[in-house]
Amino acid sequence: MSLPEKVRLVEVGPRDGLQNEAQPISVADKVRLVDDLSAAGLSYIEVGSFVSPKWVPQMAGSAEVFAKIQQYSGVTYAALAPNLRGFEDALAAGVKEVAVFAAASEAFSQRNINCSISDSLQRFVPIMEAARQHGVRVRGYVSCVLGCPYEGMINAEQVAPVARELYAMGCYEVSLGDTIGTGTPGATRRLFDVVSAQVPREQLAGHFHDTYGQALANVYASLLEGISVFDSSVAGLGGCPYAKGASGNVASEDVLYMLQGLGIDTGIDLERLIAAGLRISEVLGRASGSRVARARHAQ
Ligand code: MG
């Protein structure tokens with residue numbers, strides 16, 4: 001299979017990234033980050049999460065962030081909506097696209113959201129109905145697709161029914177997440193090969209973590225499987241919550257650098273993306289998690 005000509009990067013830094021950073025950041029800094037990302041040419045930005053700030057204090061103020069960002073036409077500004085209450089809050093904030101989150105691992109589902117995989121999918125039914133009524137698009141996530149911090153290896157056969165269910169209930173796209181970053185390129189190819197028997201490849205996305213240094217190799221393996229949408233996080237925001245000090249989300253700058261080298265079009269300006277990442281890293285008081293950004297700015 002030849003490589004896709006175009007790839008869409010789903011920028012998850014402001015949500016998946018900042019949510020997993022120890023340090024909470026101000027609404028103004030979040031707004032600046034999202035505006036920087038829009039200016040860099042990202043066409044999809046996951047801006048925040050409508051979840052109780054009691055559980056996820058880093059995501060407090062998501063409605064305010066939505067109200068203050070500059071919304072470019074043609075750019076999707078999405079939010080995570082873990083339950084109907086969250087969906088209603090997102091709707092009230094004018095959000096046009098939400099994401100829901102399931103796991104491929106039973107143990108992870110129990111420990112992370114306190115219910116079985118099938119119960120978690122049932123909880124999405126009213127969200128899907130409300131979304132249809134209000135013309136809101138829903139993107140589905142499946143976590144732990146290649147490994148689980150509690151169960152170890154996860155087989156593609158465990159992932160396929162969860163992805164199929166999300167797609168069948170109306171998610172227009174299902175993103176498969178290697179939450180602990182243990183996946184390797186062979187397992188990644190097999191994953192998409194197996195899951196694409198249930199969900200069309202055009203409706204699948206890859207979400208890779210670099211905890212074991214495999215993320216870019218896994219993105220490339222996915223490209224070979226005809227996958228053309230990838231989640232990534234500017235400056236590699238969001239460490240790995242299951243391995244202290246380890247890297248989590250693959251850095252958007254690094255994915256973009258590789259895609260540019262492959263001659264694949266994304267519409268994103270690498271220099272502006274690097275600048276956006278350096279700015280938020282400075283706010284967090286740490287070095288960028290992007291190797292490309294560090295290489296370009298090493299003195
Ligand atoms: Mg992630």
# chains A, B, ... in the order shown; residues from 1 in each chain; ligands from 1
$ residues_around --residues "Leu224 (chain A)" --least-positions-apart "3" --cutoff "10 Å" --atoms "only C-alpha atoms" --output "list in words"
Met1, Ser2, Leu3, Pro4, Arg189, Phe192, Asn218, Val219, Tyr220, Ala221, Ile227 and Ser228 of chain A
$ residues_near_ligand --ligand "ligand 1" --cutoff "9 Å" --atoms "only C-alpha atoms and all ligand atoms" --output "ChimeraX atom specification"
/A:12-13,16-17,20,143,177-180,207-209,231-233,238-240,248-250
$ residues_around --residues "Lys96 (chain A)" --least-positions-apart "6" --cutoff "9 Å" --atoms "only C-alpha atoms" --output "tab-separated table (two decimals) with N, CA and C atoms, in the first residue's frame"
chain	number	residue	atom	x	y	z
A	76	THR	N	-11.55	22.55	13.46
A	76	THR	CA	-12.42	21.93	14.45
A	76	THR	C	-11.84	22.13	15.84
A	77	TYR	N	-12.67	22.67	16.73
A	77	TYR	CA	-12.27	22.86	18.13
A	77	TYR	C	-13.13	21.91	18.96
A	78	ALA	N	-12.50	20.86	19.47
A	78	ALA	CA	-13.25	19.78	20.11
A	78	ALA	C	-13.01	19.73	21.61
A	79	ALA	N	-13.88	19.00	22.30
A	79	ALA	CA	-13.73	18.81	23.75
A	79	ALA	C	-14.09	17.39	24.13
A	90	ALA	N	-20.64	21.19	27.41
A	90	ALA	CA	-19.91	21.48	26.17
A	90	ALA	C	-20.83	22.19	25.18
A	134	HIS	N	-28.41	17.75	18.19
A	134	HIS	CA	-27.83	19.09	18.13
A	134	HIS	C	-26.80	19.26	17.02
A	135	GLY	N	-26.67	18.23	16.19
A	135	GLY	CA	-25.73	18.33	15.07
A	135	GLY	C	-24.27	18.41	15.51
A	136	VAL	N	-23.97	17.77	16.64
A	136	VAL	CA	-22.59	17.73	17.14
A	136	VAL	C	-21.94	16.42	16.69
A	137	ARG	N	-20.72	16.52	16.15
A	137	ARG	CA	-20.02	15.30	15.74
A	137	ARG	C	-19.31	14.69	16.94
A	138	VAL	N	-19.22	13.35	16.94
A	138	VAL	CA	-18.59	12.66	18.06
A	138	VAL	C	-17.45	11.79	17.55
$ closest_residue --among "A:Ser109, A:Ser196, A:Asn83, A:Thr266" --to "Pro126 (chain A)" --atoms "only C-alpha atoms"
A:Asn83
$ residues_around --residues "region 114-121 of chain A" --least-positions-apart "3" --cutoff "9 Å" --atoms "only C-alpha atoms" --output "PyMOL selection string"
chain A and resi 101-111+124-125+162+165-166
$ write_last_selection --atoms "N, CA and C atoms" --output "PDB file, in the first residue's frame"
ATOM      1  N   PHE A 101     -14.642   8.313  25.323  1.00  0.00           N
ATOM      2  CA  PHE A 101     -13.446   7.573  25.660  1.00  0.00           C
ATOM      3  C   PHE A 101     -13.777   6.202  26.237  1.00  0.00           C
ATOM      4  N   ALA A 102     -13.381   5.127  25.549  1.00  0.00           N
ATOM      5  CA  ALA A 102     -13.561   3.767  26.065  1.00  0.00           C
ATOM      6  C   ALA A 102     -12.195   3.079  26.115  1.00  0.00           C
ATOM      7  N   ALA A 103     -12.139   1.922  26.725  1.00  0.00           N
ATOM      8  CA  ALA A 103     -10.866   1.198  26.819  1.00  0.00           C
ATOM      9  C   ALA A 103     -10.992  -0.186  26.198  1.00  0.00           C
ATOM     10  N   ALA A 104      -9.872  -0.707  25.715  1.00  0.00           N
ATOM     11  CA  ALA A 104      -9.855  -2.072  25.184  1.00  0.00           C
ATOM     12  C   ALA A 104      -9.558  -3.080  26.280  1.00  0.00           C
ATOM     13  N   SER A 105      -9.163  -2.583  27.444  1.00  0.00           N
ATOM     14  CA  SER A 105      -8.807  -3.456  28.556  1.00  0.00           C
ATOM     15  C   SER A 105      -9.857  -3.352  29.656  1.00  0.00           C
ATOM     16  N   GLU A 106     -10.370  -4.502  30.067  1.00  0.00           N
ATOM     17  CA  GLU A 106     -11.402  -4.543  31.109  1.00  0.00           C
ATOM     18  C   GLU A 106     -10.858  -3.983  32.428  1.00  0.00           C
ATOM     19  N   ALA A 107      -9.645  -4.363  32.781  1.00  0.00           N
ATOM     20  CA  ALA A 107      -9.063  -3.908  34.056  1.00  0.00           C
ATOM     21  C   ALA A 107      -8.858  -2.398  34.042  1.00  0.00           C
ATOM     22  N   PHE A 108      -8.415  -1.862  32.909  1.00  0.00           N
ATOM     23  CA  PHE A 108      -8.199  -0.414  32.812  1.00  0.00           C
ATOM     24  C   PHE A 108      -9.526   0.327  32.926  1.00  0.00           C
ATOM     25  N   SER A 109     -10.556  -0.205  32.263  1.00  0.00           N
ATOM     26  CA  SER A 109     -11.871   0.426  32.309  1.00  0.00           C
ATOM     27  C   SER A 109     -12.369   0.480  33.754  1.00  0.00           C
ATOM     28  N   GLN A 110     -12.249  -0.650  34.446  1.00  0.00           N
ATOM     29  CA  GLN A 110     -12.695  -0.711  35.847  1.00  0.00           C
ATOM     30  C   GLN A 110     -11.942   0.287  36.714  1.00  0.00           C
ATOM     31  N   ARG A 111     -10.632   0.337  36.567  1.00  0.00           N
ATOM     32  CA  ARG A 111      -9.830   1.194  37.456  1.00  0.00           C
ATOM     33  C   ARG A 111      -9.908   2.660  37.067  1.00  0.00           C
ATOM     34  N   PHE A 124     -22.538   6.009  26.666  1.00  0.00           N
ATOM     35  CA  PHE A 124     -22.399   6.940  25.535  1.00  0.00           C
ATOM     36  C   PHE A 124     -23.691   7.061  24.731  1.00  0.00           C
ATOM     37  N   VAL A 125     -24.612   6.092  24.898  1.00  0.00           N
ATOM     38  CA  VAL A 125     -25.823   6.099  24.070  1.00  0.00           C
ATOM     39  C   VAL A 125     -26.584   7.426  24.182  1.00  0.00           C
ATOM     40  N   VAL A 162     -14.653  -3.158  20.394  1.00  0.00           N
ATOM     41  CA  VAL A 162     -14.886  -1.858  21.042  1.00  0.00           C
ATOM     42  C   VAL A 162     -14.928  -0.760  19.975  1.00  0.00           C
ATOM     43  N   GLU A 165     -18.149  -1.032  17.996  1.00  0.00           N
ATOM     44  CA  GLU A 165     -19.290  -0.536  18.761  1.00  0.00           C
ATOM     45  C   GLU A 165     -19.357   0.999  18.723  1.00  0.00           C
ATOM     46  N   LEU A 166     -18.213   1.650  18.918  1.00  0.00           N
ATOM     47  CA  LEU A 166     -18.182   3.127  18.878  1.00  0.00           C
ATOM     48  C   LEU A 166     -18.603   3.626  17.495  1.00  0.00           C
TER      49      LEU A 166
END
$ select_by_dssp --residues "region 122-152 of chain A" --states "strand (DSSP E or B)" --output "list of chain:residue names"
A:Arg137, A:Val138, A:Arg139, A:Gly140, A:Tyr141, A:Val142, A:Ser143, A:Gly147, A:Cys148, A:Gly152
$ write_last_selection --atoms "C-alpha atoms" --output "PDB file, in the first residue's frame"
ATOM      1  CA  ARG A 137     -20.024  15.302  15.743  1.00  0.00           C
ATOM      2  CA  VAL A 138     -18.588  12.661  18.060  1.00  0.00           C
ATOM      3  CA  ARG A 139     -15.122  11.155  17.871  1.00  0.00           C
ATOM      4  CA  GLY A 140     -14.389   7.945  19.772  1.00  0.00           C
ATOM      5  CA  TYR A 141     -11.220   6.976  21.583  1.00  0.00           C
ATOM      6  CA  VAL A 142     -10.150   3.490  22.528  1.00  0.00           C
ATOM      7  CA  SER A 143      -7.318   3.408  25.059  1.00  0.00           C
ATOM      8  CA  GLY A 147      -0.949  -2.758  26.126  1.00  0.00           C
ATOM      9  CA  CYS A 148      -2.481  -2.126  29.525  1.00  0.00           C
ATOM     10  CA  GLY A 152      -0.110  -6.390  29.957  1.00  0.00           C
TER      11      GLY A 152
END
$ atom_distance --atom1 "CA of Leu259 (chain A)" --atom2 "CA of Gly226 (chain A)"
13.9 Å
$ select_by_dssp --residues "region 135-246 of chain A" --states "alpha helix (DSSP H)" --output "PyMOL selection string"
chain A and resi 156-168+185-195+215-224
$ closest_residue --among "A:Val7, A:Arg279, A:Leu176, A:Ile127" --to "Asp35 (chain A)" --atoms "only C-alpha atoms"
A:Arg279
$ closest_residue --among "A:Val234, A:Arg132, A:Gln198, A:Glu271" --to "Pro14 (chain A)" --atoms "only C-alpha atoms"
A:Val234
$ residues_around --residues "region 62-65 of chain A" --least-positions-apart "6" --cutoff "12 Å" --atoms "only C-alpha atoms" --output "PDB file with C-alpha atoms, in the first residue's frame"
ATOM      1  CA  PRO A  14      -4.354  21.543  25.185  1.00  0.00           C
ATOM      2  CA  ARG A  15      -6.491  18.656  26.510  1.00  0.00           C
ATOM      3  CA  LEU A  18      -2.173  19.631  29.769  1.00  0.00           C
ATOM      4  CA  GLN A  19      -4.518  17.266  31.605  1.00  0.00           C
ATOM      5  CA  ILE A  25      -2.014  26.548  33.847  1.00  0.00           C
ATOM      6  CA  SER A  26      -4.140  29.663  33.537  1.00  0.00           C
ATOM      7  CA  VAL A  27      -7.027  30.160  31.141  1.00  0.00           C
ATOM      8  CA  ALA A  28      -5.027  32.930  29.443  1.00  0.00           C
ATOM      9  CA  ASP A  29      -2.107  30.581  28.759  1.00  0.00           C
ATOM     10  CA  LYS A  30      -4.468  27.905  27.428  1.00  0.00           C
ATOM     11  CA  VAL A  31      -6.134  30.422  25.125  1.00  0.00           C
ATOM     12  CA  ARG A  32      -2.738  31.583  23.884  1.00  0.00           C
ATOM     13  CA  LEU A  33      -1.722  27.979  23.195  1.00  0.00           C
ATOM     14  CA  VAL A  34      -4.862  27.225  21.189  1.00  0.00           C
ATOM     15  CA  ASP A  35      -4.528  30.492  19.236  1.00  0.00           C
ATOM     16  CA  GLU A  46      -8.788  19.306  21.199  1.00  0.00           C
ATOM     17  CA  VAL A  47      -9.254  22.353  23.395  1.00  0.00           C
ATOM     18  CA  GLY A  48     -10.496  21.053  26.729  1.00  0.00           C
ATOM     19  CA  SER A  49     -12.625  18.661  28.698  1.00  0.00           C
ATOM     20  CA  PHE A  50     -16.032  19.104  30.291  1.00  0.00           C
ATOM     21  CA  VAL A  51     -15.458  17.077  33.395  1.00  0.00           C
ATOM     22  CA  SER A  52     -15.804  17.944  37.074  1.00  0.00           C
ATOM     23  CA  PRO A  53     -12.798  20.081  38.136  1.00  0.00           C
ATOM     24  CA  VAL A  56      -9.467  16.880  36.700  1.00  0.00           C
ATOM     25  CA  GLN A  71     -12.033  30.221  16.136  1.00  0.00           C
ATOM     26  CA  TYR A  77     -12.273  22.864  18.133  1.00  0.00           C
ATOM     27  CA  ALA A  78     -13.246  19.780  20.109  1.00  0.00           C
ATOM     28  CA  ALA A  79     -13.735  18.812  23.746  1.00  0.00           C
ATOM     29  CA  LEU A  80     -13.855  15.620  25.726  1.00  0.00           C
ATOM     30  CA  ALA A  81     -17.316  14.883  27.135  1.00  0.00           C
ATOM     31  CA  GLY A  86     -20.249  17.053  30.327  1.00  0.00           C
ATOM     32  CA  PHE A  87     -21.895  16.959  26.915  1.00  0.00           C
ATOM     33  CA  GLU A  88     -24.529  19.480  28.022  1.00  0.00           C
ATOM     34  CA  ASP A  89     -21.859  21.789  29.418  1.00  0.00           C
ATOM     35  CA  ALA A  90     -19.915  21.476  26.167  1.00  0.00           C
ATOM     36  CA  LEU A  91     -23.032  22.279  24.175  1.00  0.00           C
ATOM     37  CA  ALA A  92     -23.704  25.339  26.329  1.00  0.00           C
ATOM     38  CA  ALA A  93     -20.142  26.480  25.608  1.00  0.00           C
ATOM     39  CA  GLY A  94     -20.864  26.269  21.866  1.00  0.00           C
ATOM     40  CA  VAL A  95     -18.743  23.178  21.222  1.00  0.00           C
TER      41      VAL A  95
END
$ atom_distance --atom1 "CA of Ala215 (chain A)" --atom2 "CA of Arg190 (chain A)"
15.6 Å
$ closest_residue --among "A:Lys6, A:Leu37, A:Asp210, A:Met59" --to "Ile280 (chain A)" --atoms "only C-alpha atoms"
A:Leu37
$ atom_distance --atom1 "CA of Asp265 (chain A)" --atom2 "CA of Glu5 (chain A)"
6.2 Å
$ closest_residue --among "A:Ser222, A:Ser252, A:Gln158, A:Ser288" --to "Glu11 (chain A)" --atoms "only C-alpha atoms"
A:Ser252
$ residues_around --residues "Tyr172 (chain A)" --least-positions-apart "2" --cutoff "12 Å" --atoms "only C-alpha atoms" --output "count of residues only"
30
$ closest_residue --among "A:Gly285, A:Pro161, A:Pro57, A:Gly261" --to "Val194 (chain A)" --atoms "only C-alpha atoms"
A:Pro161
$ decode --residues "region 153-173 of chain A" --atoms "N, CA, C and O atoms" --output "short mmCIF file (atom, residue, chain, number, x, y, z; two decimals), in the first residue's frame"
data_model
loop_
_atom_site.label_atom_id
_atom_site.label_comp_id
_atom_site.auth_asym_id
_atom_site.auth_seq_id
_atom_site.Cartn_x
_atom_site.Cartn_y
_atom_site.Cartn_z
N MET A 153 -0.08 -7.21 27.68
CA MET A 153 -0.37 -7.17 26.24
C MET A 153 -1.87 -7.20 25.95
O MET A 153 -2.62 -7.93 26.59
N ILE A 154 -2.29 -6.41 24.97
CA ILE A 154 -3.68 -6.43 24.53
C ILE A 154 -3.68 -6.87 23.06
O ILE A 154 -2.89 -6.38 22.25
N ASN A 155 -4.55 -7.81 22.73
CA ASN A 155 -4.63 -8.29 21.35
C ASN A 155 -5.56 -7.42 20.52
O ASN A 155 -6.54 -6.89 21.02
N ALA A 156 -5.25 -7.36 19.22
CA ALA A 156 -6.10 -6.60 18.30
C ALA A 156 -7.54 -7.09 18.35
O ALA A 156 -8.48 -6.31 18.18
N GLU A 157 -7.71 -8.40 18.63
CA GLU A 157 -9.06 -8.98 18.69
C GLU A 157 -9.88 -8.42 19.85
O GLU A 157 -11.10 -8.49 19.85
N GLN A 158 -9.19 -7.90 20.88
CA GLN A 158 -9.91 -7.26 22.00
C GLN A 158 -10.32 -5.83 21.63
O GLN A 158 -11.27 -5.29 22.18
N VAL A 159 -9.55 -5.23 20.72
CA VAL A 159 -9.79 -3.83 20.35
C VAL A 159 -10.94 -3.72 19.34
O VAL A 159 -11.78 -2.82 19.44
N ALA A 160 -10.95 -4.66 18.40
CA ALA A 160 -11.89 -4.57 17.26
C ALA A 160 -13.35 -4.41 17.68
O ALA A 160 -14.04 -3.52 17.17
N PRO A 161 -13.86 -5.21 18.64
CA PRO A 161 -15.29 -5.05 18.98
C PRO A 161 -15.60 -3.70 19.64
O PRO A 161 -16.70 -3.17 19.44
N VAL A 162 -14.65 -3.16 20.39
CA VAL A 162 -14.89 -1.86 21.04
C VAL A 162 -14.93 -0.76 19.98
O VAL A 162 -15.81 0.10 19.98
N ALA A 163 -13.98 -0.82 19.05
CA ALA A 163 -13.95 0.17 17.95
C ALA A 163 -15.22 0.05 17.10
O ALA A 163 -15.83 1.06 16.74
N ARG A 164 -15.61 -1.19 16.82
CA ARG A 164 -16.82 -1.41 16.01
C ARG A 164 -18.05 -0.82 16.69
O ARG A 164 -18.89 -0.19 16.06
N GLU A 165 -18.15 -1.03 18.00
CA GLU A 165 -19.29 -0.54 18.76
C GLU A 165 -19.36 1.00 18.72
O GLU A 165 -20.43 1.58 18.52
N LEU A 166 -18.21 1.65 18.92
CA LEU A 166 -18.18 3.13 18.88
C LEU A 166 -18.60 3.63 17.50
O LEU A 166 -19.37 4.59 17.36
N TYR A 167 -18.10 2.96 16.47
CA TYR A 167 -18.43 3.34 15.09
C TYR A 167 -19.92 3.12 14.82
O TYR A 167 -20.61 3.98 14.28
N ALA A 168 -20.41 1.95 15.29
CA ALA A 168 -21.83 1.61 15.05
C ALA A 168 -22.75 2.58 15.77
O ALA A 168 -23.84 2.90 15.29
N MET A 169 -22.34 3.09 16.94
CA MET A 169 -23.24 4.01 17.65
C MET A 169 -23.15 5.44 17.12
O MET A 169 -23.89 6.31 17.58
N GLY A 170 -22.27 5.68 16.15
CA GLY A 170 -22.28 6.97 15.48
C GLY A 170 -21.01 7.80 15.54
O GLY A 170 -20.99 8.92 15.05
N CYS A 171 -19.95 7.27 16.16
CA CYS A 171 -18.68 8.00 16.12
C CYS A 171 -18.19 8.02 14.67
O CYS A 171 -18.10 6.97 14.04
N TYR A 172 -17.89 9.20 14.14
CA TYR A 172 -17.49 9.28 12.73
C TYR A 172 -16.04 8.84 12.55
O TYR A 172 -15.61 8.51 11.44
N GLU A 173 -15.30 8.83 13.66
CA GLU A 173 -13.89 8.43 13.61
C GLU A 173 -13.55 7.78 14.95
O GLU A 173 -14.06 8.19 15.99
#
